[in-house]
>>> print(open('run_17.tsv').read())   # TSV, C-alpha atoms
chain	number	residue	atom	x	y	z
A	1202	MET	CA	0.00	0.00	0.00
A	1203	LYS	CA	2.99	2.26	0.68
A	1204	LYS	CA	1.22	4.97	2.63
A	1205	ASP	CA	0.92	5.92	6.26
A	1206	ILE	CA	-2.10	4.11	7.64
A	1207	SER	CA	-3.99	5.35	10.68
A	1208	ARG	CA	-4.77	2.77	13.35
A	1209	ILE	CA	-8.41	3.88	13.22
A	1210	ILE	CA	-9.50	3.57	9.60
A	1211	GLY	CA	-12.93	4.88	10.46
A	1212	LYS	CA	-15.71	5.08	13.02
A	1213	TYR	CA	-19.42	5.59	12.46
A	1214	SER	CA	-22.44	5.85	14.74
A	1215	SER	CA	-25.88	7.44	14.76
A	1216	ASN	CA	-25.62	7.77	18.55
A	1217	ASN	CA	-28.25	5.07	19.06
A	1218	LYS	CA	-27.86	2.37	21.71
A	1219	GLY	CA	-26.78	-0.92	20.15
A	1220	PRO	CA	-23.87	-3.26	19.46
A	1221	LEU	CA	-20.22	-2.68	18.62
A	1222	LEU	CA	-18.92	-3.97	15.28
A	1223	PHE	CA	-15.13	-4.10	15.55
A	1224	VAL	CA	-13.51	-4.75	12.16
A	1225	THR	CA	-9.78	-5.47	11.84
A	1226	ALA	CA	-7.88	-5.59	8.53
A	1227	GLY	CA	-4.28	-5.90	7.41
A	1228	ILE	CA	-3.22	-8.20	10.26
A	1229	HIS	CA	-0.86	-9.49	7.56
A	1230	GLY	CA	0.89	-6.70	5.67
A	1231	ASN	CA	0.55	-8.39	2.28
A	1232	GLU	CA	-3.25	-8.48	2.68
A	1233	PRO	CA	-4.48	-4.89	2.10
A	1234	SER	CA	-7.90	-5.90	0.73
A	1235	GLY	CA	-9.76	-5.37	4.01
A	1236	ILE	CA	-8.21	-1.93	4.50
A	1237	ILE	CA	-9.42	-0.82	1.05
A	1238	ALA	CA	-12.88	-2.28	1.69
A	1239	LEU	CA	-13.19	-0.46	5.01
A	1240	GLU	CA	-12.18	2.82	3.38
A	1241	LYS	CA	-14.94	2.31	0.80
A	1242	VAL	CA	-17.51	1.54	3.49
A	1243	PHE	CA	-16.65	4.56	5.66
A	1244	THR	CA	-16.64	6.85	2.61
A	1245	GLU	CA	-20.18	5.75	1.77
A	1246	LEU	CA	-21.35	6.00	5.39
A	1247	SER	CA	-20.02	9.57	5.60
A	1248	VAL	CA	-21.92	10.53	2.43
A	1249	ALA	CA	-25.24	8.70	2.96
A	1250	LYS	CA	-25.34	9.09	6.78
A	1251	PRO	CA	-27.78	6.18	7.32
A	1252	GLU	CA	-29.26	5.40	10.74
A	1253	ILE	CA	-27.67	2.46	12.54
A	1254	LYS	CA	-27.84	1.05	16.03
A	1255	GLY	CA	-24.53	1.02	17.89
A	1256	THR	CA	-21.10	1.72	16.40
A	1257	ILE	CA	-18.76	0.35	13.74
A	1258	VAL	CA	-15.01	0.83	14.16
A	1259	GLY	CA	-12.46	-0.12	11.50
A	1260	VAL	CA	-8.93	-0.84	12.73
A	1261	SER	CA	-5.71	-1.49	10.82
A	1262	GLY	CA	-3.48	-4.39	11.85
A	1263	ASN	CA	0.23	-4.62	11.08
A	1264	ASN	CA	0.91	-1.06	9.94
A	1265	GLU	CA	4.68	-1.45	9.61
A	1266	ALA	CA	4.27	-4.55	7.43
A	1267	LEU	CA	1.47	-2.90	5.41
A	1268	ASN	CA	3.76	0.01	4.62
A	1269	LYS	CA	6.48	-2.40	3.46
A	1270	GLU	CA	4.00	-4.72	1.71
A	1271	VAL	CA	5.31	-7.82	3.50
A	1272	ARG	CA	3.41	-10.41	5.53
A	1273	PHE	CA	5.17	-9.45	8.78
A	1274	ILE	CA	8.33	-7.78	10.11
A	1275	ASP	CA	9.53	-10.07	12.94
A	1276	GLU	CA	6.81	-12.70	13.41
A	1277	ASP	CA	3.26	-13.52	12.35
A	1278	LEU	CA	0.86	-11.06	14.04
A	1279	ASN	CA	-1.85	-13.71	13.75
A	1280	ARG	CA	0.09	-15.96	16.17
A	1281	THR	CA	1.07	-13.43	18.87
A	1282	TRP	CA	-2.26	-13.20	20.74
A	1283	THR	CA	-1.36	-15.76	23.43
A	1284	LYS	CA	-2.39	-15.44	27.06
A	1285	GLN	CA	1.27	-15.37	28.14
A	1286	ASN	CA	2.24	-12.58	25.71
A	1287	ILE	CA	-0.69	-10.48	26.87
A	1288	GLU	CA	-0.53	-11.20	30.61
A	1289	ASP	CA	3.25	-10.59	30.71
A	1290	HIS	CA	2.97	-7.61	28.33
A	1291	ILE	CA	5.79	-8.92	26.13
A	1292	THR	CA	6.78	-6.32	23.50
A	1293	ASP	CA	9.98	-7.77	22.04
A	1294	THR	CA	8.83	-7.63	18.38
A	1295	ASN	CA	7.10	-5.19	16.07
A	1296	GLU	CA	4.08	-7.48	15.90
A	1297	LYS	CA	3.58	-7.64	19.68
A	1298	GLU	CA	3.70	-3.83	19.80
A	1299	GLU	CA	1.11	-3.69	17.01
A	1300	MET	CA	-1.03	-6.19	18.94
A	1301	PHE	CA	-1.06	-4.09	22.10
A	1302	SER	CA	-1.96	-1.02	20.06
A	1303	ILE	CA	-5.03	-2.86	18.69
A	1304	ILE	CA	-5.95	-4.09	22.19
A	1305	GLU	CA	-5.76	-0.51	23.44
A	1306	VAL	CA	-8.30	0.52	20.80
A	1307	LEU	CA	-10.65	-2.35	21.69
A	1308	ASN	CA	-10.44	-1.41	25.38
A	1309	ASN	CA	-11.90	1.98	24.46
A	1310	TYR	CA	-15.14	0.16	23.57
A	1311	PRO	CA	-15.98	-1.87	26.70
A	1312	ALA	CA	-18.77	-4.44	26.75
A	1313	SER	CA	-20.68	-2.42	29.37
A	1314	GLU	CA	-21.41	0.30	26.81
A	1315	TYR	CA	-22.91	-1.97	24.12
A	1316	THR	CA	-25.79	-4.42	23.81
A	1317	LYS	CA	-23.35	-6.90	22.25
A	1318	ARG	CA	-19.87	-6.81	20.73
A	1319	TYR	CA	-19.10	-8.34	17.33
A	1320	PHE	CA	-15.80	-8.67	15.49
A	1321	LEU	CA	-14.80	-9.29	11.88
A	1322	ASP	CA	-11.15	-9.98	10.98
A	1323	CYS	CA	-10.43	-9.45	7.26
A	1324	HIS	CA	-7.84	-11.69	5.55
A	1325	THR	CA	-6.90	-13.06	2.14
A	1326	THR	CA	-5.11	-16.23	1.01
A	1327	SER	CA	-1.96	-17.04	-0.99
A	1328	SER	CA	-3.87	-19.48	-3.22
A	1329	ASP	CA	-6.97	-18.92	-5.33
A	1330	SER	CA	-10.06	-19.32	-3.18
A	1331	LEU	CA	-13.74	-18.79	-2.80
A	1332	PRO	CA	-14.48	-16.51	0.18
A	1333	TYR	CA	-15.12	-18.28	3.47
A	1334	ALA	CA	-15.71	-17.57	7.15
A	1335	SER	CA	-13.26	-19.19	9.58
A	1336	VAL	CA	-15.04	-19.73	12.89
A	1337	GLN	CA	-13.78	-20.68	16.33
A	1338	ASP	CA	-16.54	-22.95	17.60
A	1339	VAL	CA	-17.27	-21.10	20.86
A	1340	HIS	CA	-20.07	-18.77	22.02
A	1341	ASP	CA	-22.53	-18.10	19.18
A	1342	ASN	CA	-19.80	-17.62	16.56
A	1343	ASP	CA	-21.05	-20.44	14.34
A	1344	SER	CA	-24.69	-19.38	14.31
A	1345	TRP	CA	-23.62	-15.77	13.64
A	1346	ALA	CA	-21.46	-16.88	10.70
A	1347	HIS	CA	-24.49	-18.57	9.14
A	1348	HIS	CA	-26.04	-15.12	8.64
A	1349	PHE	CA	-23.46	-14.73	5.85
A	1350	PRO	CA	-23.47	-16.43	2.42
A	1351	THR	CA	-19.94	-17.90	2.25
A	1352	HIS	CA	-18.54	-21.34	3.03
A	1353	ILE	CA	-17.78	-21.82	6.74
A	1354	ILE	CA	-14.71	-23.47	8.25
A	1355	ARG	CA	-14.82	-24.57	11.88
A	1356	GLY	CA	-11.84	-25.14	14.11
A	1357	PHE	CA	-8.87	-23.19	12.70
A	1358	SER	CA	-8.29	-21.17	15.87
A	1359	ASP	CA	-8.80	-24.29	17.98
A	1360	ILE	CA	-5.63	-25.89	16.57
A	1361	VAL	CA	-3.60	-22.77	15.67
A	1362	TYR	CA	-3.02	-20.78	18.84
A	1363	GLY	CA	-2.38	-17.06	19.19
A	1364	THR	CA	-4.79	-15.86	16.48
A	1365	THR	CA	-6.56	-12.52	16.49
A	1366	ASP	CA	-10.01	-14.11	16.40
A	1367	GLY	CA	-9.06	-16.45	19.25
A	1368	TYR	CA	-8.28	-13.41	21.39
A	1369	MET	CA	-11.50	-11.64	20.38
A	1370	SER	CA	-13.52	-14.71	21.29
A	1371	ARG	CA	-11.79	-14.92	24.68
A	1372	GLN	CA	-12.87	-11.33	25.32
A	1373	GLY	CA	-16.48	-12.35	24.73
A	1374	LEU	CA	-16.91	-10.88	21.24
A	1375	THR	CA	-18.90	-12.82	18.63
A	1376	GLY	CA	-17.46	-13.08	15.15
A	1377	PHE	CA	-15.21	-14.76	12.63
A	1378	VAL	CA	-12.37	-14.31	10.15
A	1379	LEU	CA	-13.42	-13.58	6.57
A	1380	GLU	CA	-10.90	-14.95	4.08
A	1381	ALA	CA	-12.06	-13.06	1.01
A	1382	GLY	CA	-9.96	-14.66	-1.75
A	1383	GLN	CA	-6.46	-14.46	-3.18
A	1384	HIS	CA	-4.25	-11.55	-2.02
A	1385	ASP	CA	-4.16	-9.64	-5.33
A	1386	ASP	CA	-7.63	-10.53	-6.62
A	1387	GLN	CA	-9.92	-7.48	-6.93
A	1388	ASN	CA	-12.82	-9.74	-5.98
A	1389	SER	CA	-11.29	-9.99	-2.49
A	1390	ILE	CA	-12.01	-6.29	-1.94
A	1391	ILE	CA	-15.58	-6.81	-3.16
A	1392	ASN	CA	-16.05	-9.80	-0.83
A	1393	HIS	CA	-14.69	-7.92	2.18
A	1394	GLU	CA	-16.84	-4.89	1.44
A	1395	GLY	CA	-19.96	-7.02	0.98
A	1396	THR	CA	-19.32	-8.86	4.25
A	1397	ILE	CA	-18.90	-5.59	6.16
A	1398	TRP	CA	-22.20	-4.28	4.75
A	1399	ILE	CA	-24.02	-7.50	5.68
A	1400	ALA	CA	-22.51	-7.35	9.18
A	1401	LEU	CA	-23.83	-3.78	9.54
A	1402	GLN	CA	-27.23	-4.95	8.34
A	1403	GLU	CA	-27.40	-7.97	10.66
A	1404	ALA	CA	-25.75	-6.46	13.77
A	1405	CYS	CA	-26.58	-2.76	13.57
A	1406	ASP	CA	-29.92	-2.81	11.70
A	1407	LEU	CA	-28.57	-0.85	8.74
A	1408	ASP	CA	-31.12	-0.58	5.92
A	1409	LEU	CA	-28.91	-1.11	2.86
A	1410	ASN	CA	-31.51	0.64	0.70
A	1411	LYS	CA	-30.78	3.88	2.60
A	1412	LEU	CA	-27.29	4.07	1.10
A	1413	SER	CA	-26.56	6.08	-2.07
A	1414	LYS	CA	-27.30	2.86	-3.92
A	1415	PHE	CA	-27.68	-0.77	-2.86
A	1416	PRO	CA	-24.11	-2.17	-2.61
A	1417	GLU	CA	-23.16	-4.20	-5.65
A	1418	SER	CA	-20.69	-6.05	-3.41
A	1419	VAL	CA	-23.60	-7.46	-1.37
A	1420	THR	CA	-25.47	-8.54	-4.51
A	1421	LYS	CA	-22.37	-10.38	-5.77
A	1422	LEU	CA	-21.59	-12.00	-2.42
A	1423	GLN	CA	-25.16	-13.21	-1.85
A	1424	LYS	CA	-24.85	-15.38	-4.97
A	1425	GLN	CA	-22.58	-17.64	-2.87
A	1426	LYS	CA	-25.46	-18.53	-0.55
A	1427	ARG	CA	-26.95	-21.30	-2.66
A	1428	ASN	CA	-23.64	-23.20	-2.62
A	1429	GLN	CA	-22.78	-22.61	1.06
A	1430	LYS	CA	-21.16	-25.54	2.86
A	1431	THR	CA	-19.70	-26.03	6.33
A	1432	PHE	CA	-16.35	-27.79	6.81
A	1433	GLU	CA	-14.32	-28.94	9.80
A	1434	ILE	CA	-10.52	-29.20	9.94
A	1435	GLU	CA	-9.19	-32.76	10.03
A	1436	TYR	CA	-5.44	-32.15	9.83
A	1437	ARG	CA	-2.81	-29.38	9.82
A	1438	HIS	CA	0.57	-29.87	8.14
A	1439	GLY	CA	2.95	-27.62	10.07
A	1440	ILE	CA	6.32	-26.25	8.95
A	1441	GLU	CA	9.27	-25.24	11.12
A	1442	ASP	CA	11.17	-22.03	10.35
A	1443	ASN	CA	14.20	-23.72	8.73
A	1444	ASP	CA	12.26	-26.35	6.76
A	1445	THR	CA	11.94	-26.42	2.99
A	1446	PHE	CA	8.38	-26.86	1.75
A	1447	SER	CA	6.72	-26.68	-1.65
A	1448	MET	CA	3.14	-27.47	-2.60
A	1449	GLU	CA	2.45	-29.22	-5.85
A	1450	PRO	CA	1.20	-26.48	-8.22
A	1451	GLY	CA	-2.42	-25.67	-8.94
A	1452	TYR	CA	-4.25	-26.45	-5.72
A	1453	LYS	CA	-7.19	-24.23	-4.77
A	1454	ASN	CA	-9.05	-23.94	-1.49
A	1455	PHE	CA	-11.71	-26.65	-1.04
A	1456	GLN	CA	-10.38	-28.68	-3.99
A	1457	GLN	CA	-11.09	-32.38	-3.55
A	1458	ILE	CA	-8.13	-34.66	-2.84
A	1459	LYS	CA	-7.83	-38.46	-2.86
A	1460	LYS	CA	-5.89	-40.94	-0.75
A	1461	GLY	CA	-2.39	-41.42	-2.14
A	1462	GLU	CA	-2.38	-38.12	-4.05
A	1463	LEU	CA	0.93	-36.22	-4.02
A	1464	LEU	CA	0.33	-32.90	-2.28
A	1465	ALA	CA	3.73	-31.39	-1.46
A	1466	TYR	CA	7.41	-31.91	-0.69
A	1467	HIS	CA	8.63	-31.25	2.87
A	1468	ASN	CA	12.41	-31.28	3.42
A	1469	GLY	CA	12.72	-33.19	0.16
A	1470	LYS	CA	10.24	-35.92	1.16
A	1471	PRO	CA	6.96	-36.39	-0.73
A	1472	ILE	CA	3.76	-35.78	1.28
A	1473	THR	CA	0.80	-37.79	0.05
A	1474	SER	CA	-2.82	-37.53	1.12
A	1475	GLU	CA	-4.15	-39.96	3.71
A	1476	TRP	CA	-7.72	-38.76	3.09
A	1477	ASP	CA	-10.53	-38.56	0.59
A	1478	ALA	CA	-11.40	-35.00	1.56
A	1479	ASN	CA	-10.71	-31.36	0.60
A	1480	ILE	CA	-7.49	-29.35	0.75
A	1481	PHE	CA	-7.53	-26.00	2.53
A	1482	MET	CA	-5.08	-23.07	2.60
A	1483	PRO	CA	-2.27	-24.61	0.50
A	1484	LEU	CA	0.84	-22.48	1.05
A	1485	TYR	CA	2.05	-20.63	-2.04
A	1486	GLN	CA	4.15	-17.90	-0.41
A	1487	LYS	CA	7.56	-17.85	1.27
A	1488	GLN	CA	6.38	-16.89	4.75
A	1489	GLY	CA	4.08	-18.99	6.92
A	1490	ASN	CA	4.15	-22.06	9.16
A	1491	ASP	CA	1.04	-23.80	7.84
A	1492	GLY	CA	1.80	-25.94	4.78
A	1493	PHE	CA	-1.81	-26.96	4.19
A	1494	PHE	CA	-4.89	-28.20	5.99
A	1495	VAL	CA	-7.28	-31.04	5.23
A	1496	VAL	CA	-10.99	-30.37	5.77
A	1497	LYS	CA	-14.14	-32.45	5.51
A	1498	GLU	CA	-17.66	-31.29	4.82
A	1499	VAL	CA	-19.99	-31.46	7.83
>>> encode(input="run_17.tsv", output="structure tokens")
Amino acid sequence: MKKDISRIIGKYSSNNKGPLLFVTAGIHGNEPSGIIALEKVFTELSVAKPEIKGTIVGVSGNNEALNKEVRFIDEDLNRTWTKQNIEDHITDTNEKEEMFSIIEVLNNYPASEYTKRYFLDCHTTSSDSLPYASVQDVHDNDSWAHHFPTHIIRGFSDIVYGTTDGYMSRQGLTGFVLEAGQHDDQNSIINHEGTIWIALQEACDLDLNKLSKFPESVTKLQKQKRNQKTFEIEYRHGIEDNDTFSMEPGYKNFQQIKKGELLAYHNGKPITSEWDANIFMPLYQKQGNDGFFVVKEV
């Protein structure tokens, strides 16, 4: 993005009692799609000035990495949100400092001031993908995610610790991660924008017809509804920092895989599928500790 990004991308309220919608974007610096979508949403809200209940706040994630257009500076910001890091106030990396800055913003919107608190964490993927909601299966996260038209994945934050959404859920917020598509795909911006509008409709009673025009992003995203499926994670293939790993080319999120199929090479050894299932988040970038996941439809 190569510009100075404010921590608060935008805030909007009609000063009516209601919920908080806390939207984070750019937790990974090579994923600017959510930032752009939030800017579009707040621009429209400032022009149309529709009535809503409660408040929406848009917050940027890893600003240093966003400015340098890299996934992270020292470590993955989506793995730093551990109880120990937070309780001991560890600030030995850029990402932990960014994390505490985001927490400070959230603390300005305490649960006592809202009827409910929702979160949405905006991400994109290194491989081509349909949009999907990644849900930690606690509170009412799963039922909330079913208000949205995308595929739903359960269990990511239950096996990968230190995620942003895991922290939000521990604080009592209801929500999910929206993986909107491939990093550089313009449709990812559309999917993020559409999801934010639907969240405003469902949480804050926004009448989408009161905007300058009904959002085209919502119309496009709602077409996913008829094909919506829910998946659960069966397996994670982890990578250590000094390992060599390469996926076989061409895999897309939710693509079916068969037992015995060659999936990747890890430290020179072939990795073959032990499942008749679906592949999820195949790694096609240099940074990251998750080689791929295997998911099965519920």
>>> closest_atom_pairs(input="run_17.tsv", of="region 1381-1451 of chain A", to="region 1471-1494 of chain A", cutoff="9 Å", atoms="all atoms listed in the file", output="Markdown table")
| residue | atom | partner | partner_atom | distance |
| --- | --- | --- | --- | --- |
| A:Ile1434 | CA | A:Phe1494 | CA | 6.9 |
| A:Glu1435 | CA | A:Phe1494 | CA | 7.5 |
| A:Tyr1436 | CA | A:Phe1494 | CA | 5.5 |
| A:Arg1437 | CA | A:Phe1494 | CA | 4.5 |
| A:His1438 | CA | A:Gly1492 | CA | 5.3 |
| A:Gly1439 | CA | A:Asp1491 | CA | 4.8 |
| A:Ile1440 | CA | A:Asn1490 | CA | 4.7 |
| A:Glu1441 | CA | A:Asn1490 | CA | 6.3 |
| A:Asp1442 | CA | A:Asn1490 | CA | 7.1 |
| A:Phe1446 | CA | A:Gly1492 | CA | 7.3 |
| A:Ser1447 | CA | A:Tyr1485 | CA | 7.7 |
| A:Met1448 | CA | A:Leu1484 | CA | 6.6 |
| A:Pro1450 | CA | A:Tyr1485 | CA | 8.6 |
>>> write_last_selection(input="run_17.tsv", atoms="C-alpha atoms", output="PDB file, keeping the file's coordinate frame")
ATOM      1  CA  ILE A1434     -10.520 -29.200   9.940  1.00  0.00           C
ATOM      2  CA  GLU A1435      -9.190 -32.760  10.030  1.00  0.00           C
ATOM      3  CA  TYR A1436      -5.440 -32.150   9.830  1.00  0.00           C
ATOM      4  CA  ARG A1437      -2.810 -29.380   9.820  1.00  0.00           C
ATOM      5  CA  HIS A1438       0.570 -29.870   8.140  1.00  0.00           C
ATOM      6  CA  GLY A1439       2.950 -27.620  10.070  1.00  0.00           C
ATOM      7  CA  ILE A1440       6.320 -26.250   8.950  1.00  0.00           C
ATOM      8  CA  GLU A1441       9.270 -25.240  11.120  1.00  0.00           C
ATOM      9  CA  ASP A1442      11.170 -22.030  10.350  1.00  0.00           C
ATOM     10  CA  PHE A1446       8.380 -26.860   1.750  1.00  0.00           C
ATOM     11  CA  SER A1447       6.720 -26.680  -1.650  1.00  0.00           C
ATOM     12  CA  MET A1448       3.140 -27.470  -2.600  1.00  0.00           C
ATOM     13  CA  PRO A1450       1.200 -26.480  -8.220  1.00  0.00           C
TER      14      PRO A1450
END
>>> residues_around(input="run_17.tsv", residues="Pro1332 (chain A)", least_positions_apart="6", cutoff="10 Å", atoms="only C-alpha atoms", output="list in words")
His1324, Thr1325, Thr1326, Pro1350, Thr1351, His1352, Ile1353, Leu1379, Glu1380, Ala1381, Gly1382, Gln1383, Asn1388, Ser1389, Asn1392, His1393, Thr1396, Leu1422, Gln1425 and Asn1454 of chain A
>>> closest_residue(input="run_17.tsv", among="A:Val1378, A:Thr1445, A:Phe1301, A:Ser1418", to="Lys1470 (chain A)", atoms="only C-alpha atoms")
A:Thr1445
>>> residues_around(input="run_17.tsv", residues="Glu1305 (chain A)", least_positions_apart="6", cutoff="12 Å", atoms="all atoms listed in the file", output="PyMOL selection string")
chain A and resi 1208-1209+1260+1287+1298-1299+1311
>>> closest_residue(input="run_17.tsv", among="A:Ser1330, A:Asn1308, A:His1290, A:Ile1257", to="Asp1386 (chain A)", atoms="only C-alpha atoms")
A:Ser1330
>>> closest_residue(input="run_17.tsv", among="A:Ile1303, A:Leu1407, A:Ile1253, A:Val1248", to="Ser1207 (chain A)", atoms="only C-alpha atoms")
A:Ile1303
>>> closest_residue(input="run_17.tsv", among="A:Gly1230, A:Gly1259, A:Gly1376, A:Pro1251", to="Asp1275 (chain A)", atoms="only C-alpha atoms")
A:Gly1230
>>> closest_residue(input="run_17.tsv", among="A:Arg1280, A:Lys1414, A:Lys1453, A:Lys1421", to="Ser1358 (chain A)", atoms="only C-alpha atoms")
A:Arg1280
>>> closest_residue(input="run_17.tsv", among="A:Val1258, A:Ile1236, A:Ile1354, A:Val1339", to="Lys1497 (chain A)", atoms="only C-alpha atoms")
A:Ile1354
>>> atom_distance(input="run_17.tsv", atom1="CA of Ile1274 (chain A)", atom2="CA of Ile1206 (chain A)")
16.0 Å
>>> atom_distance(input="run_17.tsv", atom1="CA of Glu1296 (chain A)", atom2="CA of Leu1278 (chain A)")
5.2 Å
>>> atom_distance(input="run_17.tsv", atom1="CA of Ala1404 (chain A)", atom2="CA of Asn1217 (chain A)")
12.9 Å
>>> axis_aligned_box(input="run_17.tsv", around="region 1272-1289 of chain A", padding_each_side="6 Å", output="lines of an AutoDock Vina configuration file")
center_x = 3.6
center_y = -11.9
center_z = 18.1
size_x = 23.9
size_y = 20.2
size_z = 37.2
>>> residues_near_point(input="run_17.tsv", point="(-4.7, -6.9, 26.3)", cutoff="12 Å", atoms="all atoms listed in the file", output="count of residues only")
30
>>> closest_atom_pairs(input="run_17.tsv", of="region 1288-1407 of chain A", to="region 1222-1227 of chain A", cutoff="6 Å", atoms="only C-alpha atoms", output="JSON lines")
{"residue": "A:Tyr1319", "atom": "CA", "partner": "A:Leu1222", "partner_atom": "CA", "distance": 4.8}
{"residue": "A:Phe1320", "atom": "CA", "partner": "A:Phe1223", "partner_atom": "CA", "distance": 4.6}
{"residue": "A:Leu1321", "atom": "CA", "partner": "A:Val1224", "partner_atom": "CA", "distance": 4.7}
{"residue": "A:Asp1322", "atom": "CA", "partner": "A:Thr1225", "partner_atom": "CA", "distance": 4.8}
{"residue": "A:Cys1323", "atom": "CA", "partner": "A:Ala1226", "partner_atom": "CA", "distance": 4.8}
>>> write_last_selection(input="run_17.tsv", atoms="C-alpha atoms", output="PDB file, keeping the file's coordinate frame")
ATOM      1  CA  TYR A1319     -19.100  -8.340  17.330  1.00  0.00           C
ATOM      2  CA  PHE A1320     -15.800  -8.670  15.490  1.00  0.00           C
ATOM      3  CA  LEU A1321     -14.800  -9.290  11.880  1.00  0.00           C
ATOM      4  CA  ASP A1322     -11.150  -9.980  10.980  1.00  0.00           C
ATOM      5  CA  CYS A1323     -10.430  -9.450   7.260  1.00  0.00           C
TER       6      CYS A1323
END
>>> residues_around(input="run_17.tsv", residues="Ala1346 (chain A)", least_positions_apart="2", cutoff="9 Å", atoms="all atoms listed in the file", output="ChimeraX atom specification")
/A:1334-1336,1341-1344,1348-1351,1353,1376-1377
>>> build_atoms(input="run_17.tsv", residues="region 1414-1425 of chain A", atoms="N, CA, C and O atoms", output="mmCIF file, keeping the file's coordinate frame")
data_model
loop_
_atom_site.group_PDB
_atom_site.id
_atom_site.type_symbol
_atom_site.label_atom_id
_atom_site.label_comp_id
_atom_site.auth_asym_id
_atom_site.auth_seq_id
_atom_site.Cartn_x
_atom_site.Cartn_y
_atom_site.Cartn_z
ATOM 1 N N LYS A 1414 -26.696 3.916 -3.110
ATOM 2 C CA LYS A 1414 -27.300 2.860 -3.920
ATOM 3 C C LYS A 1414 -27.034 1.534 -3.213
ATOM 4 O O LYS A 1414 -26.097 1.413 -2.424
ATOM 5 N N PHE A 1415 -27.868 0.536 -3.491
ATOM 6 C CA PHE A 1415 -27.680 -0.770 -2.860
ATOM 7 C C PHE A 1415 -26.315 -1.315 -3.268
ATOM 8 O O PHE A 1415 -25.970 -1.322 -4.451
ATOM 9 N N PRO A 1416 -25.499 -1.760 -2.290
ATOM 10 C CA PRO A 1416 -24.110 -2.170 -2.610
ATOM 11 C C PRO A 1416 -24.038 -3.348 -3.566
ATOM 12 O O PRO A 1416 -24.586 -4.420 -3.298
ATOM 13 N N GLU A 1417 -23.359 -3.123 -4.683
ATOM 14 C CA GLU A 1417 -23.160 -4.200 -5.650
ATOM 15 C C GLU A 1417 -22.362 -5.347 -5.029
ATOM 16 O O GLU A 1417 -22.552 -6.512 -5.389
ATOM 17 N N SER A 1418 -21.492 -5.017 -4.074
ATOM 18 C CA SER A 1418 -20.690 -6.050 -3.410
ATOM 19 C C SER A 1418 -21.578 -7.038 -2.661
ATOM 20 O O SER A 1418 -21.287 -8.239 -2.616
ATOM 21 N N VAL A 1419 -22.672 -6.570 -2.083
ATOM 22 C CA VAL A 1419 -23.600 -7.460 -1.370
ATOM 23 C C VAL A 1419 -24.327 -8.353 -2.371
ATOM 24 O O VAL A 1419 -24.469 -9.565 -2.150
ATOM 25 N N THR A 1420 -24.781 -7.769 -3.471
ATOM 26 C CA THR A 1420 -25.470 -8.540 -4.510
ATOM 27 C C THR A 1420 -24.583 -9.671 -5.018
ATOM 28 O O THR A 1420 -25.031 -10.824 -5.157
ATOM 29 N N LYS A 1421 -23.296 -9.360 -5.274
ATOM 30 C CA LYS A 1421 -22.370 -10.380 -5.770
ATOM 31 C C LYS A 1421 -22.115 -11.458 -4.721
ATOM 32 O O LYS A 1421 -22.104 -12.656 -5.025
ATOM 33 N N LEU A 1422 -21.913 -11.041 -3.475
ATOM 34 C CA LEU A 1422 -21.590 -12.000 -2.420
ATOM 35 C C LEU A 1422 -22.769 -12.924 -2.117
ATOM 36 O O LEU A 1422 -22.580 -14.117 -1.860
ATOM 37 N N GLN A 1423 -23.984 -12.394 -2.182
ATOM 38 C CA GLN A 1423 -25.160 -13.210 -1.850
ATOM 39 C C GLN A 1423 -25.354 -14.365 -2.828
ATOM 40 O O GLN A 1423 -26.026 -15.350 -2.499
ATOM 41 N N LYS A 1424 -24.743 -14.275 -4.005
ATOM 42 C CA LYS A 1424 -24.850 -15.380 -4.970
ATOM 43 C C LYS A 1424 -24.156 -16.638 -4.461
ATOM 44 O O LYS A 1424 -24.406 -17.734 -4.962
ATOM 45 N N GLN A 1425 -23.268 -16.477 -3.452
ATOM 46 C CA GLN A 1425 -22.580 -17.640 -2.870
ATOM 47 C C GLN A 1425 -23.513 -18.493 -2.014
ATOM 48 O O GLN A 1425 -23.229 -19.651 -1.734
#
